[in-house]
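Colleague: There's a structure below that I have some questions on.
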Amino acid sequence: MALIALPGIGSAGLTARDAAIDFENMDGELKTSPPSEKTVMYDVNGKEIARFFDKYRESVSLAKVAPIMRQAIIDIEDSRFYQHGALDLKGTIRALATNANSEQVQGGSTLTQQYVKNLLVDNAKTQEEYLEATAPTVGRKLRELRYALDLEEKMTKNQILEGYLNVAYFGGGAYGVQAASKRYFSKPASELNLEQAALLAGITQNPTAHDPIR
């Protein structure tokens with residue numbers, strides 16, 4: 001299972017046996033802080049003076065995200081999200097087959113695994129931690145899968161989807177769907193329509209290359 005979970009990545013010297021042993025011995029508890037939020041400063045009369053943030057984000061509950069936006073992100077990131085666990089065996093095998101017969105590399109990560117990766121990237125305090133969270137290595141993919149298995153036991157699918165929508169980067173300095181909706185369309189995520197939801201969902205595939213402002 002460990003090797004199947006790694007489409008597009010070589011074994012890097014690990015045997016299936018070693019990978020399985022390492023996987024079983026990994027600490028499965030994901031220790032991260034909630035995604036960073038903006039800080040708002042008010043004067044004595046309650047009037048806003050300024051906003052400070054390292055990453056522009058406004059976290060919202062899933063109920064405040066338009067249903068079409070929820071569906072769009074699932075369709076483009078993990079269409080079988082509600083049917084599988086932390087590992088989508090069918091999707092992973094499909095990615096392996098595609099990678100073997102094409103120059104394009106297709107990922108096999110589930111939305112839960114991507115949520116884990118985004119949390120680790122957001123919590124990185126140093127360049128070393130950031131590189132570790134984004135490195136194209138077997139160890140990183142296995143660690144993400146191990147954490148994803150733990151999250152799938154502790155959180156509902158809707159909680160995972162809500163978390164992903166609030167932590168994902170949508171380009172243009174916007175982190176999370178609420179910030180992205182306001183950044184590109186000057187409206188809350190609850191009011192997104194089909195075309196706008198499709199655009200935002202597409203950005204997550206490659207926020208730099210798919211930046212609509214560029």
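To be explicit about the labels: the chains of the structure tokens are called A, B, and onward in the order shown, and within each one the residues are counted from 1, while ligands get numbers from 1 in the order they are shown.
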Which residues, written as a ChimeraX atom specification, have at least one atom at most 10 Å from range 172-175 of chain A, with only C-alpha atoms counted and residues fewer than 2 positions away on the same chain left out?
Modeller: /A:35-37,54-59,122,165-170,177-184,207-208,211-214
Colleague: For the selection you just gave me, I'd like the residues written to a file as a short mmCIF file (atom, residue, chain, number, x, y, z; two decimals), in the first residue's frame, keeping N, CA, C and O atoms.
Modeller:
data_model
loop_
_atom_site.label_atom_id
_atom_site.label_comp_id
_atom_site.auth_asym_id
_atom_site.auth_seq_id
_atom_site.Cartn_x
_atom_site.Cartn_y
_atom_site.Cartn_z
N PRO A 35 -4.82 27.45 10.93
CA PRO A 35 -4.27 28.39 9.94
C PRO A 35 -4.28 29.82 10.47
O PRO A 35 -5.21 30.23 11.17
N SER A 36 -3.27 30.58 10.13
CA SER A 36 -3.15 31.96 10.60
C SER A 36 -4.29 32.82 10.06
O SER A 36 -4.77 32.62 8.94
N GLU A 37 -4.72 33.78 10.86
CA GLU A 37 -5.79 34.70 10.47
C GLU A 37 -5.26 36.14 10.51
O GLU A 37 -4.20 36.41 11.07
N ASP A 54 0.12 38.07 7.72
CA ASP A 54 1.21 37.49 6.92
C ASP A 54 0.60 36.81 5.70
O ASP A 54 1.15 36.87 4.61
N LYS A 55 -0.56 36.17 5.92
CA LYS A 55 -1.31 35.55 4.83
C LYS A 55 -2.76 36.01 4.94
O LYS A 55 -3.37 35.88 5.99
N TYR A 56 -3.29 36.54 3.84
CA TYR A 56 -4.66 37.05 3.86
C TYR A 56 -5.63 35.87 3.87
O TYR A 56 -5.77 35.15 2.90
N ARG A 57 -6.31 35.68 5.01
CA ARG A 57 -7.25 34.56 5.15
C ARG A 57 -8.42 34.98 6.05
O ARG A 57 -8.23 35.69 7.04
N GLU A 58 -9.61 34.56 5.68
CA GLU A 58 -10.80 34.74 6.51
C GLU A 58 -11.51 33.38 6.56
O GLU A 58 -12.25 33.04 5.64
N SER A 59 -11.29 32.63 7.59
CA SER A 59 -11.88 31.29 7.67
C SER A 59 -13.39 31.39 7.87
O SER A 59 -13.89 32.24 8.61
N ASP A 122 1.57 25.55 5.93
CA ASP A 122 1.14 26.75 6.65
C ASP A 122 1.82 26.86 8.01
O ASP A 122 2.07 27.97 8.49
N LEU A 165 -10.79 23.98 2.40
CA LEU A 165 -11.24 25.22 1.75
C LEU A 165 -10.70 26.46 2.46
O LEU A 165 -10.52 27.51 1.83
N ASN A 166 -10.41 26.35 3.74
CA ASN A 166 -9.90 27.49 4.50
C ASN A 166 -8.38 27.60 4.50
O ASN A 166 -7.84 28.68 4.81
N VAL A 167 -7.69 26.54 4.14
CA VAL A 167 -6.22 26.58 4.20
C VAL A 167 -5.58 26.65 2.82
O VAL A 167 -4.45 27.11 2.67
N ALA A 168 -6.28 26.20 1.78
CA ALA A 168 -5.70 26.13 0.44
C ALA A 168 -5.34 27.52 -0.10
O ALA A 168 -5.99 28.52 0.21
N TYR A 169 -4.29 27.55 -0.94
CA TYR A 169 -3.85 28.81 -1.55
C TYR A 169 -4.52 28.97 -2.91
O TYR A 169 -4.47 28.07 -3.76
N PHE A 170 -5.15 30.13 -3.13
CA PHE A 170 -5.86 30.39 -4.38
C PHE A 170 -5.18 31.46 -5.23
O PHE A 170 -5.81 32.04 -6.10
N VAL A 177 -10.96 30.01 0.69
CA VAL A 177 -11.96 30.34 -0.32
C VAL A 177 -12.62 31.69 -0.07
O VAL A 177 -12.98 32.40 -1.01
N GLN A 178 -12.80 32.08 1.19
CA GLN A 178 -13.43 33.37 1.48
C GLN A 178 -12.55 34.52 1.02
O GLN A 178 -13.03 35.46 0.36
N ALA A 179 -11.27 34.45 1.32
CA ALA A 179 -10.34 35.49 0.89
C ALA A 179 -10.25 35.53 -0.63
O ALA A 179 -10.20 36.61 -1.24
N ALA A 180 -10.25 34.35 -1.27
CA ALA A 180 -10.16 34.29 -2.73
C ALA A 180 -11.41 34.89 -3.38
O ALA A 180 -11.32 35.61 -4.37
N SER A 181 -12.57 34.58 -2.82
CA SER A 181 -13.82 35.11 -3.37
C SER A 181 -13.86 36.63 -3.31
O SER A 181 -14.27 37.30 -4.25
N LYS A 182 -13.39 37.18 -2.19
CA LYS A 182 -13.35 38.63 -2.05
C LYS A 182 -12.25 39.24 -2.92
O LYS A 182 -12.41 40.34 -3.47
N ARG A 183 -11.14 38.52 -3.07
CA ARG A 183 -10.01 39.02 -3.86
C ARG A 183 -10.38 39.16 -5.33
O ARG A 183 -10.08 40.17 -5.96
N TYR A 184 -11.02 38.15 -5.89
CA TYR A 184 -11.30 38.14 -7.32
C TYR A 184 -12.68 38.67 -7.70
O TYR A 184 -12.86 39.20 -8.80
N PRO A 207 -1.56 27.59 -8.50
CA PRO A 207 -1.91 28.99 -8.23
C PRO A 207 -1.10 30.01 -9.00
O PRO A 207 -1.60 31.09 -9.32
N THR A 208 0.14 29.70 -9.32
CA THR A 208 0.97 30.65 -10.05
C THR A 208 0.65 30.64 -11.54
O THR A 208 0.40 31.69 -12.15
N ASP A 211 -3.05 31.95 -12.32
CA ASP A 211 -3.44 33.21 -11.71
C ASP A 211 -4.26 34.02 -12.73
O ASP A 211 -3.74 34.46 -13.74
N PRO A 212 -5.57 34.23 -12.49
CA PRO A 212 -6.41 34.93 -13.46
C PRO A 212 -6.03 36.39 -13.66
O PRO A 212 -6.29 36.98 -14.71
N ILE A 213 -5.40 37.00 -12.65
CA ILE A 213 -4.99 38.39 -12.78
C ILE A 213 -3.83 38.52 -13.77
O ILE A 213 -3.76 39.46 -14.56
N ARG A 214 -2.95 37.54 -13.78
CA ARG A 214 -1.83 37.53 -14.73
C ARG A 214 -2.32 37.19 -16.11
O ARG A 214 -1.73 37.60 -17.12
#
Colleague: Apply DSSP to the structure's backbone, then extract all residues of range 44-161 of chain A labelled alpha helix (DSSP H) and return them as a VMD selection string.
Modeller: chain A and resid 67 to 77 89 to 100 111 to 123 127 to 134 138 to 154 157 to 161
Colleague: Mind dumping the selected residues with C-alpha atoms as a PDB file, in the first residue's frame?
Modeller:
ATOM      1  CA  PRO A  67     -22.757  24.489  -2.519  1.00  0.00           C
ATOM      2  CA  ILE A  68     -21.509  24.885  -6.102  1.00  0.00           C
ATOM      3  CA  MET A  69     -18.091  25.914  -4.758  1.00  0.00           C
ATOM      4  CA  ARG A  70     -17.914  22.863  -2.508  1.00  0.00           C
ATOM      5  CA  GLN A  71     -18.830  20.644  -5.444  1.00  0.00           C
ATOM      6  CA  ALA A  72     -16.320  22.346  -7.749  1.00  0.00           C
ATOM      7  CA  ILE A  73     -13.368  21.788  -5.401  1.00  0.00           C
ATOM      8  CA  ILE A  74     -14.325  18.134  -4.895  1.00  0.00           C
ATOM      9  CA  ASP A  75     -14.758  17.554  -8.635  1.00  0.00           C
ATOM     10  CA  ILE A  76     -11.349  18.950  -9.522  1.00  0.00           C
ATOM     11  CA  GLU A  77      -9.323  17.754  -6.538  1.00  0.00           C
ATOM     12  CA  LEU A  89      -6.838   3.024  -4.277  1.00  0.00           C
ATOM     13  CA  LYS A  90      -8.758   3.348  -7.545  1.00  0.00           C
ATOM     14  CA  GLY A  91      -7.535   6.875  -8.175  1.00  0.00           C
ATOM     15  CA  THR A  92      -3.958   5.981  -7.272  1.00  0.00           C
ATOM     16  CA  ILE A  93      -3.843   3.026  -9.656  1.00  0.00           C
ATOM     17  CA  ARG A  94      -5.289   5.231 -12.404  1.00  0.00           C
ATOM     18  CA  ALA A  95      -2.553   7.820 -11.744  1.00  0.00           C
ATOM     19  CA  LEU A  96       0.125   5.112 -11.869  1.00  0.00           C
ATOM     20  CA  ALA A  97      -1.173   3.872 -15.224  1.00  0.00           C
ATOM     21  CA  THR A  98      -1.355   7.397 -16.638  1.00  0.00           C
ATOM     22  CA  ASN A  99       2.165   8.240 -15.487  1.00  0.00           C
ATOM     23  CA  ALA A 100       3.536   5.065 -17.035  1.00  0.00           C
ATOM     24  CA  LEU A 111      -8.222  15.737  -0.693  1.00  0.00           C
ATOM     25  CA  THR A 112      -7.436  14.662   2.883  1.00  0.00           C
ATOM     26  CA  GLN A 113      -3.759  14.177   1.997  1.00  0.00           C
ATOM     27  CA  GLN A 114      -3.715  17.592   0.325  1.00  0.00           C
ATOM     28  CA  TYR A 115      -5.303  19.105   3.422  1.00  0.00           C
ATOM     29  CA  VAL A 116      -2.475  17.600   5.497  1.00  0.00           C
ATOM     30  CA  LYS A 117       0.166  18.999   3.143  1.00  0.00           C
ATOM     31  CA  ASN A 118      -1.379  22.471   3.245  1.00  0.00           C
ATOM     32  CA  LEU A 119      -1.467  22.402   7.054  1.00  0.00           C
ATOM     33  CA  LEU A 120       2.201  21.400   7.217  1.00  0.00           C
ATOM     34  CA  VAL A 121       3.167  24.139   4.749  1.00  0.00           C
ATOM     35  CA  ASP A 122       1.135  26.746   6.652  1.00  0.00           C
ATOM     36  CA  ASN A 123       2.756  25.715   9.941  1.00  0.00           C
ATOM     37  CA  GLN A 127      12.799  27.427   5.233  1.00  0.00           C
ATOM     38  CA  GLU A 128      13.932  23.956   6.257  1.00  0.00           C
ATOM     39  CA  GLU A 129      10.462  23.033   7.525  1.00  0.00           C
ATOM     40  CA  TYR A 130       8.896  24.418   4.329  1.00  0.00           C
ATOM     41  CA  LEU A 131      11.206  22.388   2.107  1.00  0.00           C
ATOM     42  CA  GLU A 132      10.473  19.278   4.165  1.00  0.00           C
ATOM     43  CA  ALA A 133       6.724  19.827   3.741  1.00  0.00           C
ATOM     44  CA  THR A 134       6.998  20.238  -0.040  1.00  0.00           C
ATOM     45  CA  VAL A 138       8.784   9.043  -0.610  1.00  0.00           C
ATOM     46  CA  GLY A 139       9.118   9.991   3.051  1.00  0.00           C
ATOM     47  CA  ARG A 140       6.956  13.084   2.669  1.00  0.00           C
ATOM     48  CA  LYS A 141       4.188  11.214   0.822  1.00  0.00           C
ATOM     49  CA  LEU A 142       4.149   8.446   3.407  1.00  0.00           C
ATOM     50  CA  ARG A 143       4.038  10.950   6.258  1.00  0.00           C
ATOM     51  CA  GLU A 144       1.098  12.752   4.632  1.00  0.00           C
ATOM     52  CA  LEU A 145      -0.755   9.454   4.189  1.00  0.00           C
ATOM     53  CA  ARG A 146      -0.108   8.463   7.811  1.00  0.00           C
ATOM     54  CA  TYR A 147      -1.495  11.777   9.071  1.00  0.00           C
ATOM     55  CA  ALA A 148      -4.425  11.531   6.646  1.00  0.00           C
ATOM     56  CA  LEU A 149      -5.406   8.140   8.045  1.00  0.00           C
ATOM     57  CA  ASP A 150      -5.507   9.650  11.530  1.00  0.00           C
ATOM     58  CA  LEU A 151      -7.581  12.646  10.409  1.00  0.00           C
ATOM     59  CA  GLU A 152     -10.112  10.408   8.654  1.00  0.00           C
ATOM     60  CA  GLU A 153     -10.716   8.683  11.998  1.00  0.00           C
ATOM     61  CA  LYS A 154     -11.081  11.904  13.991  1.00  0.00           C
ATOM     62  CA  LYS A 157     -15.675  14.386   5.593  1.00  0.00           C
ATOM     63  CA  ASN A 158     -17.380  17.782   5.820  1.00  0.00           C
ATOM     64  CA  GLN A 159     -14.941  18.920   8.512  1.00  0.00           C
ATOM     65  CA  ILE A 160     -12.011  17.925   6.298  1.00  0.00           C
ATOM     66  CA  LEU A 161     -13.530  19.713   3.299  1.00  0.00           C
TER      67      LEU A 161
END
Colleague: In Å to one decimal, how far is CA of Phe81 in chain A from CA of Tyr164 in chain A?
Modeller: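 So the two atoms, CA of Tyr164 in chain A and CA of Phe81 in chain A, lie 12.3 Å apart.
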Colleague: Which one of A:Glu48, A:Asp43, A:Glu29, A:Asp78 sits closest to Gln205 in chain A if you count only C-alpha atoms?
Modeller: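 Among the listed residues, the smallest separation from Gln205 in chain A belongs to A:Asp78.
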Colleague: Mind pulling up the distance from CA of Gly163 in chain A to CA of Ala86 in chain A?
Modeller: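 So the answer is 14.9 Å.
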Colleague: Hey, can you check how far CA of Arg51 in chain A sits from CA of Lys38 in chain A?
Modeller: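 The value is 6.7 Å.
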Colleague: Considering only C-alpha atoms, can you say which of A:Ile49, A:Ile203, A:Tyr82, A:Lys64 comes closest to Lys187 in chain A?
Modeller: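 The shortest atom-to-atom distance to Lys187 in chain A comes from A:Lys64.
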